[in-house]
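What's in target39.tsv: TSV, C-alpha atoms
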chain	number	residue	atom	x	y	z
C	486	MET	CA	-17.97	-22.03	-11.88
C	487	ARG	CA	-16.72	-21.23	-8.37
C	488	MET	CA	-18.88	-18.78	-6.45
C	489	ILE	CA	-16.85	-16.28	-4.41
C	490	PRO	CA	-18.67	-14.83	-1.39
C	491	CYS	CA	-18.53	-11.07	-1.22
C	492	PHE	CA	-18.35	-9.80	2.34
C	493	THR	CA	-20.10	-6.47	2.74
C	494	TYR	CA	-20.50	-5.00	6.22
C	495	THR	CA	-19.35	-6.03	9.68
C	496	ASN	CA	-21.10	-4.75	12.83
C	497	ASP	CA	-21.65	-1.02	12.32
C	498	PHE	CA	-19.67	-0.73	9.11
C	499	HIS	CA	-22.81	0.42	7.32
C	500	LEU	CA	-22.99	3.40	9.70
C	501	PHE	CA	-19.39	4.59	9.48
C	502	PRO	CA	-16.60	3.72	7.08
C	503	VAL	CA	-14.09	1.98	9.41
C	504	ALA	CA	-14.41	-1.30	11.31
C	505	THR	CA	-12.18	-4.00	12.81
C	506	ASN	CA	-11.99	-7.80	12.97
C	507	HIS	CA	-9.61	-9.75	15.20
C	508	PHE	CA	-8.91	-13.44	14.50
C	509	THR	CA	-6.88	-15.21	17.19
C	510	GLY	CA	-5.02	-18.50	16.64
C	511	GLY	CA	-7.24	-21.12	15.02
C	512	GLN	CA	-10.14	-18.79	14.24
C	513	HIS	CA	-9.44	-17.82	10.65
C	514	PRO	CA	-10.58	-20.49	8.15
C	515	VAL	CA	-8.12	-22.09	5.73
C	516	ARG	CA	-8.53	-21.27	2.01
C	517	GLN	CA	-11.81	-19.47	2.49
C	518	TRP	CA	-11.94	-17.61	-0.82
C	519	HIS	CA	-13.71	-14.28	-0.51
C	520	LYS	CA	-13.71	-10.67	-1.66
C	521	HIS	CA	-14.87	-7.35	-0.26
C	522	VAL	CA	-16.67	-4.23	-1.39
C	523	PHE	CA	-14.30	-2.28	0.88
C	524	SER	CA	-10.52	-2.08	1.37
C	525	GLU	CA	-8.79	-4.10	4.06
C	526	LEU	CA	-5.54	-3.68	6.01
C	527	VAL	CA	-4.36	-7.00	7.42
C	528	PHE	CA	-1.85	-7.11	10.28
C	529	ILE	CA	-0.19	-10.50	10.91
C	530	LEU	CA	0.10	-10.51	14.70
C	531	GLY	CA	1.30	-14.10	15.04
C	532	GLY	CA	2.16	-17.24	13.12
C	533	GLN	CA	2.75	-17.61	9.41
C	534	ALA	CA	0.74	-18.45	6.31
C	535	VAL	CA	0.66	-18.25	2.55
C	536	HIS	CA	-1.50	-15.39	1.31
C	537	ILE	CA	-3.16	-16.09	-2.03
C	538	CYS	CA	-4.62	-13.11	-3.86
C	539	ASP	CA	-5.82	-13.01	-7.47
C	540	ASP	CA	-3.88	-16.23	-8.32
C	541	ARG	CA	-0.60	-14.98	-6.82
C	542	GLU	CA	0.97	-16.38	-3.64
C	543	SER	CA	3.25	-14.89	-1.00
C	544	PRO	CA	4.46	-16.20	2.38
C	545	VAL	CA	3.52	-13.94	5.28
C	546	SER	CA	4.56	-14.00	8.92
C	547	THR	CA	4.43	-12.01	12.15
C	548	GLY	CA	4.99	-8.32	11.46
C	549	ASP	CA	3.74	-8.29	7.88
C	550	VAL	CA	1.04	-5.87	6.73
C	551	LEU	CA	-1.20	-6.60	3.74
C	552	LEU	CA	-3.43	-4.26	1.76
C	553	ILE	CA	-6.43	-5.82	0.00
C	554	PRO	CA	-8.44	-3.61	-2.41
C	555	PRO	CA	-12.16	-3.95	-3.14
C	556	GLY	CA	-12.94	-6.86	-5.45
C	557	ALA	CA	-9.68	-8.78	-4.93
C	558	VAL	CA	-10.26	-12.50	-4.33
C	559	HIS	CA	-8.01	-13.84	-1.59
C	560	ALA	CA	-7.52	-16.54	1.06
C	561	TYR	CA	-4.90	-17.94	3.43
C	562	ASP	CA	-3.15	-21.29	3.72
C	563	HIS	CA	-2.02	-21.92	7.31
C	564	ASP	CA	-1.73	-24.55	10.05
C	565	ARG	CA	-5.10	-23.72	11.68
C	566	LYS	CA	-3.41	-23.05	15.03
C	567	SER	CA	-1.01	-20.14	15.23
C	568	LEU	CA	-2.20	-17.58	12.68
C	569	GLU	CA	-3.44	-14.38	14.32
C	570	LEU	CA	-4.83	-11.58	12.16
C	571	PHE	CA	-6.15	-8.12	12.86
C	572	ASN	CA	-8.16	-6.62	10.00
C	573	VAL	CA	-8.99	-2.94	9.60
C	574	LEU	CA	-11.79	-2.47	7.09
C	575	TYR	CA	-12.28	0.90	5.46
C	576	ASP	CA	-14.31	2.36	2.62
C	577	ALA	CA	-12.06	4.90	0.89
C	578	ASN	CA	-15.03	6.44	-0.93
C	579	ARG	CA	-16.82	7.30	2.31
C	580	ILE	CA	-13.90	8.64	4.31
C	581	ILE	CA	-13.82	12.41	4.44
C	582	MET	CA	-10.62	13.82	5.89
C	583	PRO	CA	-8.12	16.58	5.15
C	584	ARG	CA	-5.27	15.15	3.06
C	585	LEU	CA	-2.99	18.15	3.61
C	586	ASP	CA	0.55	16.82	3.13
C	587	ILE	CA	-0.03	13.12	3.87
C	588	HIS	CA	-0.80	12.44	0.20
C	589	ARG	CA	2.96	12.77	-0.42
C	590	TYR	CA	3.54	9.34	1.16
C	591	SER	CA	3.57	6.49	-1.36
C	592	LEU	CA	1.71	4.22	1.06
C	593	PHE	CA	-1.13	6.73	1.33
C	594	GLN	CA	-1.43	6.70	-2.47
C	595	LYS	CA	-1.70	2.89	-2.37
C	596	MET	CA	-4.38	2.98	0.30
C	597	PHE	CA	-6.32	5.75	-1.43
C	598	PRO	CA	-5.58	5.30	-5.15
C	599	GLU	CA	-6.74	8.06	-7.46
C	600	SER	CA	-7.61	5.78	-10.36
C	601	LEU	CA	-8.55	2.20	-11.23
C	602	GLN	CA	-5.34	1.93	-13.24
C	603	ALA	CA	-3.31	2.65	-10.10
C	604	VAL	CA	-5.02	-0.32	-8.42
C	605	LYS	CA	-4.32	-2.68	-11.34
C	606	GLU	CA	-0.61	-1.85	-11.35
C	607	LEU	CA	-0.07	-3.15	-7.81
C	608	SER	CA	0.36	-6.72	-6.55
C	609	TYR	CA	-1.66	-7.35	-3.41
C	610	ALA	CA	-0.51	-10.87	-2.53
C	611	GLU	CA	2.73	-9.58	-1.00
C	612	PRO	CA	3.05	-7.50	2.17
C	613	ILE	CA	3.24	-3.74	1.70
C	614	LEU	CA	5.30	-3.45	4.86
C	615	HIS	CA	7.11	-5.52	7.49
C	616	LEU	CA	7.13	-4.16	11.05
C	617	GLU	CA	9.80	-4.97	13.62
C	618	PRO	CA	8.47	-5.96	17.10
C	619	ASP	CA	8.78	-2.47	18.60
C	620	LYS	CA	6.93	-0.85	15.70
C	621	MET	CA	4.32	-3.61	15.68
C	622	GLN	CA	3.68	-2.97	19.37
C	623	ASN	CA	3.04	0.71	18.63
C	624	ILE	CA	0.61	-0.31	15.89
C	625	ARG	CA	-0.99	-2.91	18.17
C	626	ASN	CA	-1.74	-0.23	20.78
C	627	ILE	CA	-3.66	1.77	18.18
C	628	LEU	CA	-5.47	-1.34	16.91
C	629	ASP	CA	-6.57	-2.28	20.43
C	630	ASN	CA	-7.88	1.23	21.04
C	631	MET	CA	-9.68	1.21	17.70
C	632	ALA	CA	-11.34	-2.13	18.47
C	633	ALA	CA	-12.41	-0.95	21.92
C	634	GLU	CA	-13.90	2.27	20.57
C	635	SER	CA	-15.68	0.62	17.63
C	636	GLU	CA	-17.28	-1.93	19.98
C	637	SER	CA	-18.37	0.62	22.57
C	638	ARG	CA	-21.64	2.52	22.45
C	639	TYR	CA	-20.51	5.71	24.14
C	640	ILE	CA	-21.37	8.94	22.38
C	641	GLY	CA	-18.38	9.85	20.26
C	642	HIS	CA	-17.22	6.28	19.59
C	643	VAL	CA	-17.51	6.82	15.82
C	644	PHE	CA	-15.37	9.95	16.05
C	645	ALA	CA	-12.85	8.14	18.29
C	646	THR	CA	-12.60	5.19	15.87
C	647	MET	CA	-11.90	7.54	12.99
C	648	ASN	CA	-9.29	9.30	15.12
C	649	CYS	CA	-7.57	5.94	15.72
C	650	PHE	CA	-7.70	5.19	12.00
C	651	MET	CA	-6.00	8.47	11.16
C	652	GLN	CA	-3.28	7.81	13.77
C	653	LEU	CA	-2.81	4.35	12.27
C	654	LEU	CA	-2.60	5.76	8.75
C	655	LEU	CA	0.02	8.33	9.71
C	656	MET	CA	2.16	5.81	11.62
C	657	LEU	CA	2.08	3.29	8.76
C	658	CYS	CA	3.00	5.97	6.24
C	659	ARG	CA	5.97	7.08	8.33
C	660	TYR	CA	7.16	3.52	8.92
C	661	SER	CA	6.83	2.77	5.21
C	662	HIS	CA	8.70	5.94	4.29
C	663	ALA	CA	11.56	4.90	6.59
C	664	VAL	CA	11.76	1.54	4.77
C	665	ASP	CA	11.95	3.36	1.44
C	666	SER	CA	14.88	5.52	2.56
C	667	PRO	CA	18.40	4.88	1.16
C	668	VAL	CA	19.73	3.64	4.51
C	669	ALA	CA	16.87	1.18	4.90
C	670	GLY	CA	17.37	0.09	1.30
C	671	ASN	CA	20.99	-0.75	2.06
C	672	GLU	CA	19.90	-2.81	5.06
C	673	VAL	CA	17.34	-4.69	2.97
C	674	PHE	CA	19.95	-5.35	0.28
C	675	SER	CA	22.43	-6.58	2.90
C	676	ARG	CA	19.90	-9.02	4.38
C	677	ALA	CA	19.03	-10.29	0.91
C	678	ILE	CA	22.69	-10.82	-0.01
C	679	LYS	CA	23.39	-12.71	3.21
C	680	TYR	CA	20.38	-14.96	2.62
C	681	ILE	CA	21.37	-15.69	-0.99
C	682	HIS	CA	24.98	-16.51	-0.05
C	683	LYS	CA	23.75	-18.84	2.69
C	684	HIS	CA	21.10	-20.64	0.63
C	685	TYR	CA	22.29	-20.44	-2.99
C	686	THR	CA	22.63	-24.25	-3.16
C	687	GLU	CA	18.92	-24.64	-2.33
C	688	ASN	CA	15.80	-24.21	-4.44
C	689	ILE	CA	14.97	-20.69	-3.24
C	690	ASN	CA	12.79	-18.21	-5.13
C	691	ILE	CA	12.41	-14.44	-5.19
C	692	ARG	CA	9.62	-14.41	-2.61
C	693	ASP	CA	11.81	-16.39	-0.18
C	694	ILE	CA	14.51	-13.75	-0.53
C	695	ALA	CA	12.01	-10.90	-0.07
C	696	VAL	CA	10.56	-12.42	3.09
C	697	HIS	CA	13.99	-12.83	4.69
C	698	ALA	CA	15.03	-9.35	3.52
C	699	ARG	CA	11.81	-8.00	5.11
C	700	CYS	CA	10.52	-6.16	2.07
C	701	SER	CA	8.13	-6.61	-0.81
C	702	VAL	CA	9.22	-8.30	-4.03
C	703	ARG	CA	8.81	-4.99	-5.82
C	704	ASN	CA	11.14	-3.19	-3.41
C	705	LEU	CA	13.61	-6.07	-3.55
C	706	TYR	CA	13.99	-5.60	-7.30
C	707	ARG	CA	14.36	-1.85	-6.80
C	708	PHE	CA	17.07	-2.18	-4.15
C	709	PHE	CA	19.02	-4.70	-6.25
C	710	ALA	CA	18.87	-2.40	-9.27
C	711	GLN	CA	20.21	0.46	-7.16
C	712	SER	CA	22.93	-1.49	-5.32
C	713	ALA	CA	23.95	-4.31	-7.66
C	714	GLY	CA	22.80	-3.17	-11.09
C	715	CYS	CA	21.00	-6.47	-11.68
C	716	THR	CA	17.98	-8.44	-10.53
C	717	PRO	CA	18.07	-10.82	-7.53
C	718	LYS	CA	17.78	-13.77	-9.91
C	719	GLU	CA	20.71	-12.55	-12.00
C	720	TYR	CA	22.81	-12.03	-8.87
C	721	MET	CA	22.06	-15.54	-7.64
C	722	MET	CA	22.94	-17.00	-11.05
C	723	GLN	CA	26.27	-15.16	-11.06
C	724	LEU	CA	27.00	-16.41	-7.54
C	725	ARG	CA	26.22	-20.02	-8.45
C	726	LEU	CA	28.40	-19.85	-11.56
C	727	SER	CA	31.22	-18.26	-9.59
C	728	LYS	CA	31.08	-21.06	-7.01
C	729	ALA	CA	30.96	-23.60	-9.83
C	730	SER	CA	34.05	-22.14	-11.51
C	731	ASN	CA	35.93	-22.45	-8.23
C	732	LEU	CA	34.93	-26.11	-7.90
C	733	LEU	CA	35.97	-26.76	-11.50
C	734	LEU	CA	39.47	-25.52	-10.67
C	735	ASN	CA	39.86	-26.83	-7.14
C	736	SER	CA	37.95	-30.09	-6.84
C	737	GLN	CA	37.72	-33.53	-8.40
C	738	LEU	CA	33.93	-33.43	-8.71
C	739	ASN	CA	32.50	-34.16	-12.13
C	740	ILE	CA	30.33	-31.64	-14.01
C	741	SER	CA	27.02	-33.04	-12.78
C	742	GLU	CA	28.19	-33.13	-9.16
C	743	ILE	CA	29.34	-29.51	-9.39
C	744	ALA	CA	26.02	-28.49	-10.91
C	745	PHE	CA	24.05	-29.99	-8.03
C	746	ALA	CA	26.51	-28.64	-5.45
C	747	CYS	CA	25.89	-25.11	-6.74
C	748	GLY	CA	22.11	-25.19	-6.83
C	749	PHE	CA	21.47	-26.41	-10.38
C	750	ASN	CA	19.02	-29.28	-10.70
C	751	ASP	CA	20.05	-30.06	-14.25
C	752	GLY	CA	23.59	-30.55	-15.55
C	753	ASN	CA	22.68	-29.49	-19.08
C	754	TYR	CA	21.10	-26.27	-17.84
C	755	PHE	CA	24.22	-25.56	-15.77
C	756	SER	CA	26.45	-26.09	-18.82
C	757	LYS	CA	24.29	-23.78	-20.92
C	758	LYS	CA	24.33	-20.95	-18.33
C	759	PHE	CA	28.07	-21.41	-17.80
C	760	HIS	CA	28.64	-21.13	-21.54
C	761	ASP	CA	26.44	-18.02	-21.71
C	762	MET	CA	28.57	-16.35	-19.05
C	763	THR	CA	32.09	-17.44	-20.02
C	764	GLY	CA	31.82	-18.32	-23.70
C	765	THR	CA	33.02	-21.86	-23.08
C	766	THR	CA	31.87	-25.14	-21.57
C	767	PRO	CA	32.64	-26.19	-17.99
C	768	GLY	CA	34.95	-28.90	-19.36
C	769	ASN	CA	36.98	-26.48	-21.46
C	770	PHE	CA	37.20	-24.04	-18.57
C	771	ARG	CA	38.59	-26.77	-16.33
C	772	LYS	CA	41.24	-27.69	-18.94
C	773	ASN	CA	42.26	-24.13	-19.89
C	774	PRO	CA	41.17	-21.71	-17.17
C	775	GLU	CA	43.80	-19.08	-18.03
C	776	GLN	CA	42.00	-18.34	-21.30
C	777	PHE	CA	38.87	-17.22	-19.50
C	778	TYR	CA	40.10	-15.18	-16.52
C	779	ASP	CA	38.89	-11.94	-18.12
C	780	HIS	CA	35.26	-12.97	-17.62
C	781	GLN	CA	33.70	-11.31	-14.60
C	782	MET	CA	32.80	-13.59	-11.73
C	783	LEU	CA	31.50	-12.65	-8.28

Kindly return the structure encoded in the file as structure tokens.
Amino acid sequence: MRMIPCFTYTNDFHLFPVATNHFTGGQHPVRQWHKHVFSELVFILGGQAVHICDDRESPVSTGDVLLIPPGAVHAYDHDRKSLELFNVLYDANRIIMPRLDIHRYSLFQKMFPESLQAVKELSYAEPILHLEPDKMQNIRNILDNMAAESESRYIGHVFATMNCFMQLLLMLCRYSHAVDSPVAGNEVFSRAIKYIHKHYTENINIRDIAVHARCSVRNLYRFFAQSAGCTPKEYMMQLRLSKASNLLLNSQLNISEIAFACGFNDGNYFSKKFHDMTGTTPGNFRKNPEQFYDHQML
């Protein structure tokens, strides 16, 4: 049975409920499985890695923000050189602050869930937010101030650290809310579509699309449902079959060659999906295409 170390307190974390850790390139260990009794915000300041949390994996890179709840077992796969992380540790049960209207932000509800069920319903392997360089710089300024205050011993440093944390919380909530807006959703959908059309012949998965669209997998599904009326996987399948139908009509490639040219690794699987969509086999479609023009293709 694998023993998972449970990290408890760092520096003065036992005295006040917020602390920081900064790992520069090469400092963070590879696949060091661990869990916490507190919550953790992780800011990817440089490099890239694969974040593994509770048996789920997600690629992460510069600008991504992760949220790790208490008890979640996680680790990182990376190249040991370029990954730079900044962790903000906080104990939600010991933070006393006025919630006023900030509780209306969905990100706030994720960071301070009201029930255990709310925690179980979320996936924590994937980033909760991706920050563009200008926004990350704004966040970095707060993080640097927070680290400086938490490490100082001037009277009022605890108060100042909490003040930085509240600034950080508000800025993250506002940035996240902007990503959730309809305009941002259209931009995410557009980036996803461009990536799929460029790489549909390759073995790409949903997480690849989400990373290049700069959103979480959950939001990717939501934006596709709103804009395309289908899932990303269904859209990619329709695109591949559309490209295949064009090759059937306008090339001399055989069925297997067309299957591989359109991203299918198995000719039989391609034939089955083509039949599901058009009601006929690729061979029959090639011989009598006029009978099947009423089927919708991308």

* Asked: Suppose you want the space between atom CA of Ile627 of chain C and atom CA of Ser608 of chain C; what is it in Å?
  ->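 So the two atoms, atom CA of Ile627 of chain C and atom CA of Ser608 of chain C, lie 26.5 Å apart.
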
* Asked: Which one is closest to Lys620 of chain C: C:Ile580, C:Ala504, C:Met656, C:Cys715? Count all atoms listed in the file.
  ->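 Of all the options, C:Met656 lies closest to Lys620 of chain C.
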
* To do: Would you list the contacts of Gln517 of chain C as a PyMOL selection string, taking every protein, DNA or RNA residue within 10 Å and counting all atoms listed in the file, but skipping same-chain residues closer than 3 positions in sequence?
  => chain C and resi 489-490+513-514+520+558-562

* Asked: Leaving out Pro717 of chain C and any residue of its chain fewer than 2 positions from it, which residues lie within 8 Å of it when counting all atoms listed in the file, given as a list of chain:residue names?
  ->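 In the requested form, the answer reads C:Ile691, C:Leu705, C:Tyr706, C:Phe709, C:Cys715, C:Glu719, C:Tyr720, C:Met721.
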
* Surrounding residues of segment 766-773 of chain C excluding itself and chain neighbours under 5 positions, 7 Å, only C-alpha atoms, as an MDAnalysis selection string -> chainID C and resid 733:734 756 759:760

* Who sits within 6 Å of Ser546 of chain C, all atoms listed in the file, same chain under 3 positions skipped, as a PyMOL selection string -> chain C and resi 532-533+549

Which residues of segment 639-687 of chain C come within 12 Å of segment 564-578 of chain C, and for each one, what is the closest pair of atoms and their distance in Å to one decimal, counting all atoms listed in the file, sorted by chain and residue number, as a Markdown table?
| residue | atom | partner | partner_atom | distance |
| --- | --- | --- | --- | --- |
| C:Thr646 | CA | C:Val573 | CA | 10.9 |
| C:Met647 | CA | C:Tyr575 | CA | 10.0 |
| C:Cys649 | CA | C:Val573 | CA | 10.9 |
| C:Phe650 | CA | C:Val573 | CA | 8.6 |
| C:Met651 | CA | C:Tyr575 | CA | 11.4 |
| C:Leu653 | CA | C:Val573 | CA | 9.9 |
| C:Leu654 | CA | C:Val573 | CA | 10.8 |

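Distances here use all atoms listed in the file; by that measure, the residue among C:Val696, C:Ala633, C:Leu655, C:Leu592 closest to Thr547 of chain C is C:Val696.
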
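For the pair atom CA of Arg699 of chain C and atom CA of Ser675 of chain C, the interatomic distance is 10.9 Å.
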
* Taking only C-alpha atoms into account, which of C:Val673, C:Ala729, C:Val515, C:Leu530 comes nearest His697 of chain C? ->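 Under the stated criterion, the closest residue is C:Val673.
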
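Going from atom CA of Gly556 of chain C to atom CA of Arg703 of chain C covers 21.8 Å.
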
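Near Thr686 of chain C, within 9 Å and counting all atoms listed in the file, sit Ile681, Arg725, Phe745, Ala746, Cys747, Gly748 and Phe749 of chain C, not including residues fewer than 5 positions from it in the same chain.
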
* List the residues sitting within 12 Å of (-16.3, 7.8, 18.5) in the file's frame, using only C-alpha atoms, as a PyMOL selection string. => chain C and resi 500-501+503-504+630-650

Show me a table, sorted first by chain and then by increasing residue number, of the residues of segment 584-687 of chain C having an atom at most 9 Å from segment 692-695 of chain C, each with its shortest atom pair and the distance in Å to one decimal, counting all atoms listed in the file and written as CSV.
residue,atom,partner,partner_atom,distance
C:Glu611,CA,C:Arg692,CA,8.6
C:Val673,CA,C:Ala695,CA,8.7
C:Arg676,CA,C:Ile694,CA,8.7
C:Ala677,CA,C:Ile694,CA,5.9
C:Ile678,CA,C:Ile694,CA,8.7
C:Tyr680,CA,C:Ile694,CA,6.8
C:Ile681,CA,C:Ile694,CA,7.1

List as a tab-separated table every residue of segment 610-705 of chain C that is in contact with segment 521-528 of chain C, defined as an atom at most 12 Å from one of its atoms (using all atoms listed in the file), together with the nearest atom pair and the distance in Å rounded to one decimal, sorted by chain and then rising number.
residue	atom	partner	partner_atom	distance
C:Ala610	CA	C:Val527	CA	11.3
C:Glu611	CA	C:Val527	CA	11.3
C:Pro612	CA	C:Val527	CA	9.1
C:Ile613	CA	C:Leu526	CA	9.8
C:Leu614	CA	C:Phe528	CA	9.7
C:His615	CA	C:Phe528	CA	9.5
C:Leu616	CA	C:Phe528	CA	9.5
C:Met621	CA	C:Phe528	CA	8.9
C:Gln622	CA	C:Phe528	CA	11.4
C:Ile624	CA	C:Phe528	CA	9.2
C:Arg625	CA	C:Phe528	CA	9.0
C:Leu628	CA	C:Phe528	CA	9.5
C:Phe650	CA	C:Leu526	CA	10.9
C:Leu653	CA	C:Leu526	CA	10.5
C:Leu654	CA	C:Leu526	CA	10.3
C:Leu657	CA	C:Leu526	CA	10.7

* Asked: Using only C-alpha atoms, which of C:Asp539, C:His563, C:Leu551, C:Leu724 sits nearest Gly511 of chain C?
  ->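 Residue with the minimum atom-to-atom distance to Gly511 of chain C: C:His563.
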
* **Selected residue of minimal separation from Thr505 of chain C among C:Asp629, C:Pro554, C:Gly548, C:Trp518, counting all atoms listed in the file** =>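 Nearest candidate to Thr505 of chain C out of C:Asp629, C:Pro554, C:Gly548, C:Trp518: C:Asp629.
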